[in-house]
2 protein chains.
Amino acid sequence: MKVLIVGGVAGGAAAAARLRRLDETAEIVLFERGEYISYANCGLPYYAGGVIAEREQLLLQTPQGFSRRFRVDVRTRCEVTAIEREFRRVRVREAGGREYAESYDRLILSPGAEPIIPDIPGIDLPGVHRVRTVPDIDAIKEALDNGRARHAVVIGAGFIGLEMAENLRERGMEVVIVEKQAQVLPHLDPEMAILIERELIAHGVRAEVSEEVVGLARGAGGSLRVSLRCGRMIETDMVVFSIGVRPEIRLAETAGLAIGRSGIRVNARMQTNDPDIYAVGDAVEILHPLLAEYAHLPLAWPAARQALAAANTIAGIGDEYRGGIGTAIVKVFTLAAAMTGVTEKVLCRHNRRFRKVYTHPAHRAGYYPGATPLSIKLLFAPDSGQVFGAQVVGNEGVDKRADLFAVAIKHAMTVFDLMEFDLCYAPPFGAAKDPVNMTAMVAVNHLRGLSPLAHWEDVPEGGYVLDVRTVREFASGTVSGAVNIPVDDLRQRVMEIPSGKRLYVFCQFGARAHTAVRFLRQKGFDAVNLSGGYETFLCQGR
Amino acid sequence: MKVLIVGGVAGGAAAAARLRRLDETAEIVLFERGEYISYANCGLPYYAGGVIAEREQLLLQTPQGFSRRFRVDVRTRCEVTAIEREFRRVRVREAGGREYAESYDRLILSPGAEPIIPDIPGIDLPGVHRVRTVPDIDAIKEALDNGRARHAVVIGAGFIGLEMAENLRERGMEVVIVEKQAQVLPHLDPEMAILIERELIAHGVRAEVSEEVVGLARGAGGSLRVSLRCGRMIETDMVVFSIGVRPEIRLAETAGLAIGRSGIRVNARMQTNDPDIYAVGDAVEILHPLLAEYAHLPLAWPAARQALAAANTIAGIGDEYRGGIGTAIVKVFTLAAAMTGVTEKVLCRHNRRFRKVYTHPAHRAGYYPGATPLSIKLLFAPDSGQVFGAQVVGNEGVDKRADLFAVAIKHAMTVFDLMEFDLCYAPPFGAAKDPVNMTAMVAVNHLRGLSPLAHWEDVPEGGYVLDVRTVREFASGTVSGAVNIPVDDLRQRVMEIPSGKRLYVFCQFGARAHTAVRFLRQKGFDAVNLSGGYETFLCQGR
């Protein structure tokens, strides 16, 4: 059997290695347009920033080493320009210009995704960069290393944009990040992303949200002039585009393969509509099980898993890739932001009914030094409590909690299940009641009607807002119009509270308000807990 | 309704608070023998070590504060001495000696567990300590703070013993830890615990395993002389007993309540055989779902969860505690060791068939600085692949992986499920193929017969052991009798390998051996992968 693979980075290289392990007799040819295969593309921003010191560290496999270990015919600088399905062959163009045809029994497409570059004036000027390949990052690194670049504009505040902004800033650059949407990290809901925006600002990165670059021009002395939609200009030395990627579908499309709304369409065995042609990685769309629709999830693990499914299928081992739920994380200076499943924005767009909880627990036992706060948003079904999505922001322990939520989502678990998670605890690592258990408990108390939650956006004009924190906390800042009765005084002062009105109760994080709400409801009041308390209030609005 | 609660630490205080939130009208009396309620008993070793600087940090709630918030009648220094079930009342003895009876409608027992202290000579000498209560740790702290103690012997190398050894050592003490079993951390399997023993030694703590203290005596100048079973003596200034705890069943037993093999017997609603009497926390035995038998799991989260179940039941809210799988973690200097589910030792004792996998992946992307190795042992069913247990040792990311395994175990998932976990990845946090996915993949390749695993203990005398690492790695240390053919030379040198013999193949961690095994099996050899490779070999034996 002869298998051709187009694209030698994540999915392509993984498929080749697996296929060789499964079938020593197969003829395997790996085509890569660029010079490098199997490099650490997730590490590129950190190489620019000097966190990863050596360029060699990015190159996980050399073509020679890979070829030697897996007996794969690795052809770098070779672009597959067309698929001639009727002849089961591809057209190949070498760097030198020579063209030839190569036949296949099975073809795996792993062309990846390409950075989206807007069609604006000046886009081809020197100093305008993208972040996708080793040569891309070499160019950025060179500009940084020669020491002339002092200012950078990063366009797009998604995962890669934020990583680039951090790494450029850590190199001492003055960095502005420009984002078209009204928030950084548009994959998150805005009240969670604001924590990241504040972190950027705290580290000297200017964030221009709801703003767009409309043109680039040469400025004074080799600088670049970035024109914003609002009319302002930013003078800079370097521009980095990271506004997203689009699947590389051209080859598949030209060959008449089915294209979905977000990439090459494949089945669970990663076959396109031509059963001899497979596609994996950032070029394909995959089924998002929560939304029951196809989505583009250009992430590393799905690519690796899809490569396995394709290779297994070709080798005759039954395997299915069951879709991805978009679990992702990004480090932004001292914070991390993670998400899994779907956000409130996406649920609203799909007209899905949901409930949400905010919590702000310490990442480990509060009495153990170095405990830092997490901010958690959990989205779940109003009836069953099925977990739809979670977002976690904090300094430490973010990945751990996001992963636990991810498993719950993947296995269609409910907040009742989450509450029962039996996790490891010692003071340096967590809390007896882990943030995951605790967040689930809040949701369960809500679903059972014991301590119903409301949200800041639910409070009507003139609504009765009760701050049950201490007098001192109240004095140091509260919500306009809030009445203060500390939770510990509530029994004595309950007669001060008007009856017949819904009471919106809050404290700093939600725990004392829970105690207060339980008391007040038993006293006949329609009391609800403003989820996440004052801490969540501070995340609302800008 | 009048509810009495016996014991005011973890379970008792949690039950009282929950009950108050559910029922504002209940009369709740909390009896605590000691002076403190709701203190951070997991923090005690860290207070001794000075990691937790202030004593007040341990005292999560004062009796006054708790009483004010939850309107609970907190009676410290009050011991409940008897339950008179026929009168539905308890006998109480105050610190001052006064005795009285108190009636109940419902009674919750949360007496905890008591340190096991062997019946040996000298056990009551000054300088002999235990680690259970605030006064216990006050005594240790005082001995450390007055600066006279320079040497300590910690007896028992379980979780608390290791935490004490670390904290004493961090205060500059010379520490010897004595453990009766042949390994430290007897909750783990020996080849995992050896990593912790080495960490102790590397930090100057002497570990005496397979050793027992048979007597204590006064030594020269106020010191203590510790006699070991072997006849040796250790001269020391301080002895700390941490050989385990036993459930405090006396009160329940005397009252004729059912006692199981590991504590007070309760149902899933935490009721004893007297439906008006509940028991929670370290005093009860609980169902271990994997073993289908009762076990003693004196851990913080089960206690908290059980308290919730008891309070919910009393308040008429349906709730069941479904048992615990013993997820636990301990920090030992720069390492952490975690376990969940059952160990190989326990599986063997129960005559359960199982398979096991060892892996040693980096805790995050190897090319990102600071990646450190994890050692993972995964136990699973030979047929279904159901996960039975996992042990994880490493510097970073241990808790995260243990928690993921714990969820898999709790939900009766298989290694096939584990392989599909959709976890968050960016280079600072993990790997595209997370250690959890990767370990599961090894198990799946084994179960599918693609890359069968063997273990070092399976290699027969004179077995053909093939080291597929590089010549340089081979030269720097290998297994006696091993033949070296680097994986990349295997195709050229396959003729050197004798046929008709089982080939035991290994590399450093297992990945290259997997590639080699796949090749060799396709060439007709009976090749198996020595799981975990040379790294696991180094953990075998002492």
# chains A, B, ... in the order shown; residues from 1 in each chain; ligands from 1
>>> closest_atom_pairs(of="chain A", to="chain B", cutoff="7 Å", atoms="only C-alpha atoms", output="CSV")
residue,atom,partner,partner_atom,distance
A:Arg21,CA,B:Arg518,CA,5.4
A:Leu22,CA,B:Arg518,CA,6.8
A:Glu24,CA,B:Phe519,CA,6.5
A:Cys42,CA,B:Pro427,CA,6.6
A:Gly43,CA,B:Pro427,CA,6.5
A:Ile52,CA,B:Tyr368,CA,6.0
A:Gln57,CA,B:Tyr367,CA,5.5
A:Leu58,CA,B:Tyr367,CA,6.7
A:Arg68,CA,B:Asp488,CA,6.1
A:Arg69,CA,B:Asp488,CA,4.9
A:Ala300,CA,B:Ala432,CA,5.3
A:Trp301,CA,B:Ala432,CA,4.8
A:Gly324,CA,B:Asp422,CA,6.8
A:Thr327,CA,B:Cys424,CA,5.0
A:Ala328,CA,B:Cys424,CA,4.5
A:Ile329,CA,B:Cys424,CA,5.5
A:Val330,CA,B:Ala426,CA,6.2
A:Tyr367,CA,B:Gln57,CA,5.5
A:Tyr368,CA,B:Ile52,CA,6.0
A:Pro369,CA,B:Ile52,CA,6.6
A:Asp399,CA,B:Cys424,CA,6.5
A:Lys400,CA,B:Lys400,CA,4.9
A:Asp403,CA,B:Leu423,CA,5.2
A:Leu404,CA,B:Leu404,CA,6.5
A:Ala406,CA,B:Asp422,CA,6.4
A:Val407,CA,B:Phe421,CA,6.2
A:Phe421,CA,B:Val407,CA,6.2
A:Asp422,CA,B:Thr327,CA,6.3
A:Leu423,CA,B:Asp403,CA,5.2
A:Cys424,CA,B:Ala328,CA,4.5
A:Tyr425,CA,B:Ala328,CA,5.9
A:Ala426,CA,B:Ile329,CA,6.1
A:Pro427,CA,B:Gly43,CA,6.5
A:Phe429,CA,B:Asp399,CA,6.8
A:Ala432,CA,B:Trp301,CA,4.8
A:Lys433,CA,B:Trp301,CA,6.0
A:Asp488,CA,B:Arg69,CA,4.9
A:Thr515,CA,B:Arg21,CA,6.0
A:Arg518,CA,B:Arg21,CA,5.5
A:Phe519,CA,B:Glu24,CA,6.5
A:Gln522,CA,B:Glu24,CA,6.8
>>> residues_around(residues="Ile137 of chain B", least_positions_apart="4", cutoff="8 Å", atoms="only C-alpha atoms", output="number ranges by chain")
B: 44-45, 47-48, 130-133, 141
>>> write_last_selection(atoms="C-alpha atoms", output="mmCIF file, in the first residue's frame")
data_model
loop_
_atom_site.group_PDB
_atom_site.id
_atom_site.type_symbol
_atom_site.label_atom_id
_atom_site.label_comp_id
_atom_site.auth_asym_id
_atom_site.auth_seq_id
_atom_site.Cartn_x
_atom_site.Cartn_y
_atom_site.Cartn_z
ATOM 1 C CA LEU B 44 -0.657 21.274 61.349
ATOM 2 C CA PRO B 45 2.677 19.943 59.971
ATOM 3 C CA TYR B 47 2.591 25.262 61.084
ATOM 4 C CA ALA B 48 5.274 23.237 62.868
ATOM 5 C CA ARG B 130 1.700 13.028 68.124
ATOM 6 C CA VAL B 131 0.146 15.134 65.330
ATOM 7 C CA ARG B 132 -3.586 15.389 65.566
ATOM 8 C CA THR B 133 -4.741 18.467 67.417
ATOM 9 C CA LYS B 141 6.317 23.959 67.867
#
>>> atom_distance(atom1="atom CA of Gly11 of chain B", atom2="atom CA of Gln386 of chain A")
28.7 Å
>>> closest_residue(among="B:Ile28, B:Val213, B:Val72, B:Thr536", to="Lys2 of chain B", atoms="only C-alpha atoms")
B:Ile28
>>> residues_around(residues="Ala152 of chain A", least_positions_apart="6", cutoff="6 Å", atoms="only C-alpha atoms", output="JSON, numbers by chain")
{"A": [175, 236, 237, 238, 239]}
>>> write_last_selection(atoms="N, CA and C atoms", output="PDB file, in the first residue's frame")
ATOM      1  N   VAL A 175       4.223  47.487  23.678  1.00  0.00           N
ATOM      2  CA  VAL A 175       3.298  46.684  22.881  1.00  0.00           C
ATOM      3  C   VAL A 175       1.872  47.235  22.969  1.00  0.00           C
ATOM      4  N   THR A 236       4.908  52.609  14.973  1.00  0.00           N
ATOM      5  CA  THR A 236       5.506  51.398  15.557  1.00  0.00           C
ATOM      6  C   THR A 236       6.659  50.898  14.701  1.00  0.00           C
ATOM      7  N   ASP A 237       7.384  49.910  15.234  1.00  0.00           N
ATOM      8  CA  ASP A 237       8.500  49.346  14.473  1.00  0.00           C
ATOM      9  C   ASP A 237       8.139  48.000  13.851  1.00  0.00           C
ATOM     10  N   MET A 238       7.074  47.422  14.356  1.00  0.00           N
ATOM     11  CA  MET A 238       6.786  46.041  13.980  1.00  0.00           C
ATOM     12  C   MET A 238       5.281  45.789  14.135  1.00  0.00           C
ATOM     13  N   VAL A 239       4.724  45.077  13.186  1.00  0.00           N
ATOM     14  CA  VAL A 239       3.307  44.698  13.276  1.00  0.00           C
ATOM     15  C   VAL A 239       3.226  43.177  13.172  1.00  0.00           C
TER      16      VAL A 239
END
>>> select_by_dssp(residues="segment 189-347 of chain B", states="helix (DSSP H, G or I)", output="ChimeraX atom specification")
/B:190-202,220-222,250-254,281-283,300-314,344-347
>>> select_by_dssp(residues="segment 381-481 of chain B", states="strand (DSSP E or B)", output="CSV table (one decimal) with C-alpha atoms, in the first residue's frame")
chain,number,residue,atom,x,y,z
B,386,GLN,CA,-11.7,-0.3,33.2
B,387,VAL,CA,-9.4,1.9,35.3
B,388,PHE,CA,-8.7,0.5,38.7
B,389,GLY,CA,-6.1,2.8,40.1
B,390,ALA,CA,-3.3,5.3,39.4
B,391,GLN,CA,-0.2,6.6,41.1
B,392,VAL,CA,1.6,9.7,40.0
B,393,VAL,CA,4.9,11.0,41.3
B,394,GLY,CA,6.7,14.1,40.1
B,414,THR,CA,-11.8,2.7,30.7
B,453,LEU,CA,3.7,-4.9,27.5
B,454,ALA,CA,5.8,-6.9,29.9
B,464,TYR,CA,16.6,-11.9,25.6
B,465,VAL,CA,16.6,-8.3,26.7
B,466,LEU,CA,17.0,-5.7,23.9
B,467,ASP,CA,18.0,-2.2,24.7
>>> closest_residue(among="A:Leu257, A:Leu503, A:Val280, A:Leu228", to="Ile5 of chain A", atoms="only C-alpha atoms")
A:Val280
>>> atom_distance(atom1="atom CA of Ala193 of chain A", atom2="atom CA of Cys539 of chain A")
8.8 Å
>>> atom_distance(atom1="atom CA of Gly316 of chain B", atom2="atom CA of Val415 of chain A")
20.7 Å
>>> closest_residue(among="A:Ile108, A:Val357, A:Ser38, A:Phe525", to="Val266 of chain A", atoms="only C-alpha atoms")
A:Ile108
